[in-house]
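Source file: protein-v2.cif (mmCIF, C-alpha atoms)
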data_target
#
loop_
_atom_site.label_atom_id
_atom_site.label_comp_id
_atom_site.auth_asym_id
_atom_site.auth_seq_id
_atom_site.Cartn_x
_atom_site.Cartn_y
_atom_site.Cartn_z
CA MET L 1340 0.00 0.00 0.00
CA THR L 1341 1.50 3.31 -1.14
CA VAL L 1342 1.94 5.98 1.48
CA GLN L 1343 1.96 9.66 0.55
CA LEU L 1344 3.09 11.99 3.29
CA PRO L 1345 3.53 15.76 3.25
CA PRO L 1346 7.06 17.10 3.77
CA CYS L 1347 8.40 16.21 7.20
CA PRO L 1348 8.43 19.32 9.43
CA GLU L 1349 11.71 20.45 10.93
CA SER L 1350 10.49 19.60 14.43
CA LEU L 1351 10.23 15.93 13.43
CA ARG L 1352 13.50 15.61 11.54
CA ASN L 1353 14.61 12.91 13.99
CA VAL L 1354 12.05 10.48 12.53
CA GLN L 1355 13.28 10.85 8.95
CA PRO L 1356 15.88 8.03 9.02
CA TYR L 1357 13.21 5.52 10.07
CA LEU L 1358 10.81 6.77 7.38
CA LYS L 1359 13.61 6.38 4.84
CA VAL L 1360 14.15 2.78 5.96
CA ALA L 1361 10.41 2.21 5.59
CA LEU L 1362 10.36 3.74 2.11
CA GLU L 1363 13.29 1.54 1.00
CA HIS L 1364 11.39 -1.57 2.12
CA ASP L 1365 7.90 -0.76 0.82
CA GLU L 1366 8.29 -3.16 -2.09
CA ARG L 1367 10.89 -5.62 -0.82
CA ASN L 1368 9.67 -6.16 2.74
CA PRO L 1369 6.38 -4.54 3.84
CA VAL L 1370 6.71 -5.94 7.37
CA ILE L 1371 9.92 -3.98 7.97
CA SER L 1372 8.26 -0.99 6.34
CA TYR L 1373 5.22 -1.19 8.63
CA TRP L 1374 7.13 -1.48 11.92
CA SER L 1375 9.63 1.20 10.93
CA ARG L 1376 6.70 3.60 10.44
CA ILE L 1377 5.13 2.46 13.72
CA TYR L 1378 8.36 3.39 15.50
CA ALA L 1379 8.60 6.67 13.57
CA LEU L 1380 5.07 7.55 14.69
CA GLN L 1381 5.75 6.70 18.32
CA LEU L 1382 8.94 8.73 18.25
CA ALA L 1383 7.21 11.67 16.56
CA LEU L 1384 4.45 11.73 19.18
CA THR L 1385 7.05 12.16 21.91
CA ILE L 1386 8.63 15.09 20.06
CA ASP L 1387 5.80 17.17 18.61
CA LYS L 1388 2.13 16.27 18.37
CA LYS L 1389 0.64 19.71 18.85
CA SER L 1390 1.99 21.94 16.12
CA THR L 1391 -0.08 22.35 12.96
CA GLU L 1392 2.78 21.10 10.78
CA ALA L 1393 3.23 17.98 12.91
CA LYS L 1394 -0.49 17.17 12.85
CA GLN L 1395 -0.62 17.59 9.08
CA PHE L 1396 2.28 15.16 8.78
CA LEU L 1397 1.22 12.59 11.39
CA LEU L 1398 -2.46 12.19 10.46
CA PRO L 1399 -1.76 10.67 7.01
CA LEU L 1400 0.88 8.42 8.61
CA MET L 1401 -1.59 7.22 11.23
CA ASP L 1402 -4.20 6.67 8.54
CA TRP L 1403 -1.77 4.56 6.47
CA LEU L 1404 -0.81 2.45 9.49
CA GLU L 1405 -4.45 1.81 10.38
CA LYS L 1406 -5.37 0.81 6.82
CA THR L 1407 -2.32 -1.44 6.55
CA LYS L 1408 -3.16 -3.18 9.81
CA ARG L 1409 -6.75 -3.79 8.67
CA SER L 1410 -5.66 -5.13 5.29
CA SER L 1411 -3.07 -7.39 6.96
CA ALA L 1412 -5.42 -9.02 9.45
CA ASN L 1413 -4.20 -12.47 8.40
CA ASN L 1414 -0.51 -11.61 8.62
CA GLU L 1415 0.69 -12.35 12.15
CA LEU L 1416 3.93 -10.47 11.45
CA ILE L 1417 1.68 -7.39 11.58
CA THR L 1418 -0.88 -8.51 14.16
CA SER L 1419 1.38 -10.39 16.61
CA GLU L 1420 4.04 -8.37 18.38
CA ALA L 1421 5.91 -11.50 19.47
CA ALA L 1422 6.15 -12.78 15.89
CA ALA L 1423 7.02 -9.31 14.58
CA GLN L 1424 9.74 -8.82 17.19
CA ALA L 1425 11.39 -12.10 16.24
CA PHE L 1426 11.20 -11.22 12.54
CA VAL L 1427 12.56 -7.67 12.84
CA GLU L 1428 15.33 -8.83 15.19
CA ASN L 1429 16.35 -11.59 12.80
CA TYR L 1430 16.38 -9.15 9.87
CA ALA L 1431 18.46 -6.58 11.77
CA LEU L 1432 20.96 -9.21 12.93
CA LYS L 1433 21.41 -10.59 9.42
CA LEU L 1434 22.21 -7.05 8.24
CA PHE L 1435 24.60 -6.55 11.15
CA ILE L 1436 26.39 -9.87 10.62
CA TRP L 1437 26.79 -9.24 6.88
CA ALA L 1438 28.30 -5.81 7.53
CA ASP L 1439 30.48 -7.09 10.37
CA ASN L 1440 31.85 -9.96 8.27
CA ASN L 1441 32.77 -7.54 5.48
CA ASP L 1442 34.30 -5.10 7.94
CA ARG L 1443 36.43 -7.77 9.59
CA GLY L 1444 37.44 -8.96 6.12
CA GLY L 1445 38.74 -5.49 5.24
CA ILE L 1446 35.92 -4.69 2.80
CA PHE L 1447 34.82 -1.08 3.23
CA ASN L 1448 32.23 0.55 1.01
CA LYS L 1449 28.92 2.38 1.14
CA ASN L 1450 26.95 -0.86 1.26
CA VAL L 1451 28.78 -1.87 4.44
CA VAL L 1452 28.12 1.55 5.98
CA ARG L 1453 24.46 1.46 4.98
CA SER L 1454 24.03 -2.08 6.34
CA PHE L 1455 25.59 -1.19 9.70
CA TYR L 1456 23.52 1.99 9.90
CA THR L 1457 20.23 0.35 8.90
CA SER L 1458 20.75 -2.51 11.35
CA GLY L 1459 21.26 0.05 14.11
CA LEU L 1460 18.04 1.85 13.17
CA LEU L 1461 16.09 -1.41 13.10
CA MET L 1462 17.41 -2.23 16.56
CA ASP L 1463 15.87 1.10 17.60
CA VAL L 1464 12.62 -0.14 16.06
CA LEU L 1465 12.83 -3.20 18.33
CA THR L 1466 12.21 -0.95 21.34
CA THR L 1467 8.61 -0.83 20.09
CA PHE L 1468 8.22 -4.31 21.57
CA GLY L 1469 9.86 -3.63 24.91
CA GLU L 1470 13.28 -3.40 26.53
CA LEU L 1471 16.21 -4.54 24.40
CA SER L 1472 18.40 -7.45 25.44
CA GLU L 1473 21.95 -6.67 26.48
CA GLU L 1474 23.28 -8.22 23.27
CA ILE L 1475 21.02 -6.16 21.00
CA THR L 1476 21.82 -2.99 22.97
CA LYS L 1477 25.55 -3.54 22.41
CA ASN L 1478 25.10 -4.46 18.76
CA ARG L 1479 22.98 -1.36 18.16
CA LYS L 1480 25.56 1.01 19.59
CA TYR L 1481 28.43 -0.76 17.83
CA ALA L 1482 26.59 -0.78 14.48
CA LYS L 1483 25.94 2.97 14.60
CA TRP L 1484 29.49 3.68 15.68
CA LYS L 1485 30.93 1.49 12.91
CA ALA L 1486 28.74 3.18 10.32
CA ALA L 1487 29.97 6.61 11.44
CA TYR L 1488 33.60 5.48 11.70
CA ILE L 1489 33.82 3.84 8.25
CA ASN L 1490 31.86 6.67 6.65
CA ASN L 1491 34.23 9.23 8.18
CA CYS L 1492 37.28 7.27 7.04
CA MET L 1493 35.95 7.12 3.49
CA LYS L 1494 35.46 10.89 3.50
CA THR L 1495 38.92 11.66 4.88
CA GLY L 1496 40.78 9.08 2.82
CA GLU L 1497 41.81 6.93 5.77
CA VAL L 1498 41.89 3.15 5.69
CA PRO L 1499 39.48 1.90 8.37
CA ILE L 1500 40.73 -0.59 10.93
CA PRO L 1501 38.69 -3.80 10.68
CA GLY L 1502 36.65 -4.95 13.64
CA PRO L 1503 36.77 -3.65 17.22
CA GLN L 1504 39.87 -1.60 17.88
CA GLY L 1505 42.50 -0.92 20.51
CA GLU L 1506 42.85 -3.90 22.82
CA THR L 1507 44.10 -7.34 21.85
CA ASP L 1508 41.05 -8.84 23.55
CA GLU L 1509 38.33 -7.90 21.06
CA GLU L 1510 35.44 -8.72 23.37
CA GLN L 1511 36.86 -6.60 26.18
CA GLU L 1512 37.59 -3.76 23.78
CA LEU L 1513 34.06 -3.89 22.42
CA ASN L 1514 32.70 -3.68 25.96
CA ASN L 1515 34.97 -0.71 26.67
CA LEU L 1516 33.87 1.00 23.47
CA LEU L 1517 30.19 0.54 24.16
CA ASN L 1518 30.53 1.83 27.72
CA LEU L 1519 32.10 5.14 26.69
CA ASP L 1520 30.08 7.95 28.23
CA LYS L 1521 31.00 10.41 25.52
CA PRO L 1522 32.62 9.33 22.24
CA ALA L 1523 35.56 11.42 21.13
CA SER L 1524 35.65 13.56 18.01
CA PRO L 1525 36.11 11.92 14.60
CA PRO L 1526 39.75 11.08 13.81
CA ALA L 1527 41.65 13.61 11.75
CA ALA L 1528 42.83 12.79 8.23
CA GLY L 1529 46.06 10.87 8.05
CA PRO L 1530 47.41 7.34 8.15
CA ALA L 1531 45.32 4.82 10.03
CA PRO L 1532 46.55 4.11 13.57
CA SER L 1533 48.22 0.79 14.22
CA GLN L 1534 46.36 -1.97 16.04
CA SER L 1535 48.43 -1.31 19.16
CA GLN L 1536 47.29 2.30 19.39
CA GLN L 1537 44.12 3.38 21.14
CA PRO L 1538 42.19 5.34 18.47
CA SER L 1539 39.77 8.17 19.03
CA PHE L 1540 36.22 7.17 18.25
CA PRO L 1541 33.84 9.18 16.09
CA SER L 1542 30.52 10.27 17.49
CA ILE L 1543 27.60 7.94 16.98
CA PRO L 1544 25.14 9.67 14.63
CA ASN L 1545 21.83 10.58 16.17
CA SER L 1546 18.49 10.14 14.50
CA SER L 1547 18.61 13.53 12.80
CA THR L 1548 21.85 12.90 10.94
CA THR L 1549 21.91 13.47 7.20
CA ALA L 1550 25.40 12.07 6.76
CA PHE L 1551 24.07 8.87 5.19
CA SER L 1552 21.39 10.37 2.98
CA ASP L 1553 23.40 9.75 -0.19
CA LEU L 1554 24.13 6.10 0.52
CA PRO L 1555 22.55 3.30 -1.51
CA THR L 1556 19.76 1.21 -0.12
CA VAL L 1557 20.50 -2.00 1.72
CA PRO L 1558 22.05 -4.42 -0.81
CA SER L 1559 19.53 -6.97 -2.05
CA GLU L 1560 22.02 -9.84 -2.25
CA LEU L 1561 22.08 -10.32 1.52
CA ASN L 1562 19.41 -13.05 1.35
CA LEU L 1563 17.43 -11.33 4.09
CA PRO L 1564 14.08 -12.67 5.25
CA ASN L 1565 11.09 -11.49 3.28
CA THR L 1566 7.36 -11.62 3.80
CA ASN L 1567 7.26 -15.28 2.82
CA PHE L 1568 8.37 -15.78 6.41
CA SER L 1569 5.77 -17.90 8.14
CA TYR L 1570 5.56 -17.68 11.89
CA ASN L 1571 4.98 -21.23 13.02
CA PRO L 1572 4.85 -22.06 16.75
CA HIS L 1573 5.76 -25.68 16.01
CA PRO L 1574 8.25 -25.68 13.09
CA THR L 1575 10.09 -28.74 11.84
CA PRO L 1576 13.86 -28.14 11.97
CA SER L 1577 15.57 -28.37 8.61
CA THR L 1578 17.68 -31.45 8.02
CA GLY L 1579 19.85 -29.62 5.54
CA SER L 1580 22.02 -27.83 8.10
CA PRO L 1581 24.35 -29.54 10.58
CA GLN L 1582 23.09 -29.33 14.13
CA PRO L 1583 25.60 -28.68 16.90
CA SER L 1584 25.63 -30.89 19.92
CA ILE L 1585 23.24 -29.62 22.56
CA ASN L 1586 25.63 -30.86 25.23
CA SER L 1587 28.37 -28.58 23.94
CA ALA L 1588 26.02 -25.61 23.74
CA SER L 1589 24.45 -26.08 27.13
CA ASN L 1590 25.82 -25.55 30.61
CA ILE L 1591 22.56 -26.33 32.34
CA SER L 1592 23.20 -28.66 35.24
CA THR L 1593 21.10 -31.68 36.01
CA THR L 1594 19.95 -29.84 39.11
CA THR L 1595 18.41 -26.97 37.13
CA GLN L 1596 16.96 -29.41 34.64
CA ALA L 1597 14.91 -31.00 37.38
CA SER L 1598 11.34 -29.80 37.60
CA ASN L 1599 10.48 -27.43 40.39
CA SER L 1600 6.79 -27.98 40.97
CA SER L 1601 6.64 -25.54 43.90
CA LEU L 1602 7.75 -22.54 41.82
CA LYS L 1603 5.02 -19.99 41.14
CA LEU L 1604 5.46 -17.68 38.15
CA ASP L 1605 3.62 -14.44 37.64
CA SER L 1606 1.98 -13.47 34.36
CA SER L 1607 4.94 -11.36 33.18
CA GLN L 1608 7.33 -14.27 33.68
CA ILE L 1609 5.05 -16.62 31.77
CA THR L 1610 4.76 -14.08 28.94
CA LYS L 1611 8.53 -13.74 28.80
CA ALA L 1612 8.96 -17.53 28.67
CA GLN L 1613 6.46 -17.65 25.80
CA LYS L 1614 8.48 -15.00 23.95
CA PHE L 1615 11.68 -17.01 24.35
CA CYS L 1616 9.90 -20.03 22.85
CA LYS L 1617 8.61 -17.92 19.95
CA PHE L 1618 12.09 -16.55 19.32
CA ALA L 1619 13.39 -20.11 19.22
CA SER L 1620 10.65 -21.01 16.76
CA SER L 1621 11.62 -18.06 14.57
CA ALA L 1622 15.30 -19.07 14.67
CA LEU L 1623 14.39 -22.57 13.49
CA ASN L 1624 12.64 -21.08 10.47
CA TYR L 1625 16.07 -19.80 9.42
CA ASP L 1626 17.99 -22.95 10.43
CA ASP L 1627 19.68 -20.98 13.21
CA ILE L 1628 20.00 -23.91 15.59
CA PRO L 1629 22.37 -22.24 18.13
CA GLU L 1630 19.99 -19.28 18.54
CA ALA L 1631 17.02 -21.64 18.93
CA ILE L 1632 18.89 -23.59 21.61
CA ASN L 1633 19.86 -20.35 23.38
CA ASN L 1634 16.26 -19.13 23.57
CA LEU L 1635 14.92 -22.51 24.64
CA GLN L 1636 17.52 -22.62 27.42
CA LYS L 1637 16.40 -19.16 28.57
CA ALA L 1638 12.77 -20.30 28.60
CA LEU L 1639 13.67 -23.47 30.49
CA LYS L 1640 15.70 -21.57 33.08
CA LEU L 1641 12.91 -19.04 33.59
CA LEU L 1642 10.29 -21.76 34.03
CA GLN L 1643 12.46 -23.76 36.45
CA THR L 1644 14.05 -20.99 38.50
CA GLY L 1645 12.02 -17.83 37.85
CA GLU L 1646 15.23 -16.15 36.63
CA ASP L 1647 15.85 -14.95 33.08
CA GLU L 1648 19.44 -13.75 33.41
#

Rendering of file as C-alpha cells:
Amino acid sequence: MTVQLPPCPESLRNVQPYLKVALEHDERNPVISYWSRIYALQLALTIDKKSTEAKQFLLPLMDWLEKTKRSSANNELITSEAAAQAFVENYALKLFIWADNNDRGGIFNKNVVRSFYTSGLLMDVLTTFGELSEEITKNRKYAKWKAAYINNCMKTGEVPIPGPQGETDEEQELNNLLNLDKPASPPAAGPAPSQSQQPSFPSIPNSSTTAFSDLPTVPSELNLPNTNFSYNPHPTPSTGSPQPSINSASNISTTTQASNSSLKLDSSQITKAQKFCKFASSALNYDDIPEAINNLQKALKLLQTGEDE
C-alpha cells in the first residue's frame, strides 16, 4: 500500500531516518516498512504532536498504518508483536552480521556503511516491543558507531581498521567501546593508527543525521528474510544444516533441569517464557539452531528458577 506523506516538518527531523528505511522496504519487505513507520510515529508523538505542521504530517501516517493493519489481518507479522519482534530482530541481525563480516574482512564501502547503519536503526525499532536485550543494545551502539567510523574514514581518505579496535582482547575492547560515556571527536585525516594504538572514536550519529542520505539502499544480495516468512509455533527443523551438539552448547546442570513444581510464576514471567519459545521457533525457520537452543535454554531456566538472566 503506497503511502503519501507531506514534507516532514523540521520539528520531526529525527524520525526521517526511520521513514527512509520504511520507504526503502515498501516493495521488498512490507513488514519492515510497517514497523519502521510504527516506531517513527511513536517517536514523533514524543517530540511534537501539537503543532499544525506535525499534525498535518502525522495524520496521514496514522491513517496509512491503520489501513495497513486492517488489510493485513491475516498476517501475524503485523498482528502479533511477538512474531514481529522475532522477525525484525532476525532481519536486523542478518544485516549486522553481513556488515560485520565484510568489515572484519577489510571490505569497506557504502553498502557496508548502509548495512551497519540500517541494522542500528532497526534495533531502535525493536524498542517498540519492549526493553532490548543486552546483546542487542551492544550491537545497536556498535553498528551505529561502525557506520559513522567507516563513513568518516571514506570521507577523509583513511583506511578503516577492521573490527573492534584498541585492545588485543576484542570482546573486552568492544565492551569498553560501548561503555564510553561520551565518544571522542572523529579522527583527523592521516594514516590509520596501528592496532596497538588506542584510536579516538567518532561520534555515533543521532536520528537527525543526514550524513548517510546519499548512501545506496541495503544491498539486495544479503538473502534477508522477506514476507514469505511464516511464523509457526511448532516448526520442523531443517535437516539440511548440521546441528551442533546440545551438550556442547548447554551448561545447564542436572539440578536446574529438574522440575520445580513448587515454583510460582507471575503473568509477566510466563509471557517472557512464551516469547523465548517464539524466538526459538523463529530461529528454526532460518535454520539458526544455536539461537534456537539459546532461547529454549532461557525459557527453560525461567520456568524452572524464575530467573531470566

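Residues lying within 10 Å of (11.2, -2.8, 6.4). Counted over only C-alpha atoms, they are Tyr1357, Leu1358, Lys1359, Val1360, Ala1361, Leu1362, Glu1363, His1364, Asp1365, Glu1366, Arg1367, Asn1368, Pro1369, Val1370, Ile1371, Ser1372, Tyr1373, Trp1374, Ser1375, Arg1376, Val1427, Tyr1430, Ala1431, Thr1457, Leu1461, Asn1565 and Thr1566 of chain L.
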
Translate the PyMOL selection byres ((chain L and resi 1619) around 8), as applied to the file shown, into an explicit residue set as JSON, numbers by chain.
-> {"L": [1615, 1616, 1617, 1618, 1620, 1621, 1622, 1623, 1630, 1631, 1632, 1633, 1634, 1635]}

Output of the PyMOL selection byres ((chain L and resi 1609-1614) around 12), listed as a PyMOL selection string = chain L and resi 1419-1425+1468-1470+1572+1602-1608+1615-1621+1631+1634-1648

Selection dump of the PyMOL selection byres ((chain L and resi 1386) around 9), as a ChimeraX atom specification | /L:1350-1351,1353,1382-1385,1387-1388

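Across the structure, atom CA of Asn1413 of chain L and atom CA of Asp1463 of chain L are spaced 25.9 Å apart.
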
Min atom-atom distance to Ile1377 of chain L from the set L:Leu1344, L:Ala1482, L:Cys1492, L:Met1401, counting only C-alpha atoms, belongs to L:Met1401

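Here atom CA of Val1354 of chain L is placed at a distance of 27.5 Å from atom CA of Asp1442 of chain L.
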
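Rounded to one decimal, atom CA of Ile1475 of chain L and atom CA of Glu1428 of chain L lie 8.6 Å from each other.
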
Check the smallest atom-to-atom distance from each of L:Asp1439, L:Glu1349, L:Glu1474, L:Asp1402 to Ile1489 of chain L using only C-alpha atoms, then report the winner.
->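 Among the listed residues, L:Asp1439 lies closest to Ile1489 of chain L.
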
Nearest to Arg1479 of chain L: which of L:Tyr1378, L:Trp1437, L:Phe1455, L:Phe1447 is it, counting only C-alpha atoms?
->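 Smallest distance to Arg1479 of chain L is found for L:Phe1455.
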
Which of L:Asn1448, L:Ser1458, L:Ser1410, L:Gln1395 sits closest to Tyr1481 of chain L [using all atoms listed in the file] =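 So, comparing all the options, the nearest one is L:Ser1458.
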
Nearest to Gln1355 of chain L: which of L:Leu1398, L:Ala1486, L:Leu1460, L:Thr1476 is it, counting all atoms listed in the file?
-> L:Leu1460

Nearest-residue call for Leu1404 of chain L, choices L:Ile1628, L:Lys1449, L:Thr1341, L:Gly1496, using all atoms listed in the file =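 Among L:Ile1628, L:Lys1449, L:Thr1341, L:Gly1496, it is L:Thr1341 that comes nearest to Leu1404 of chain L.
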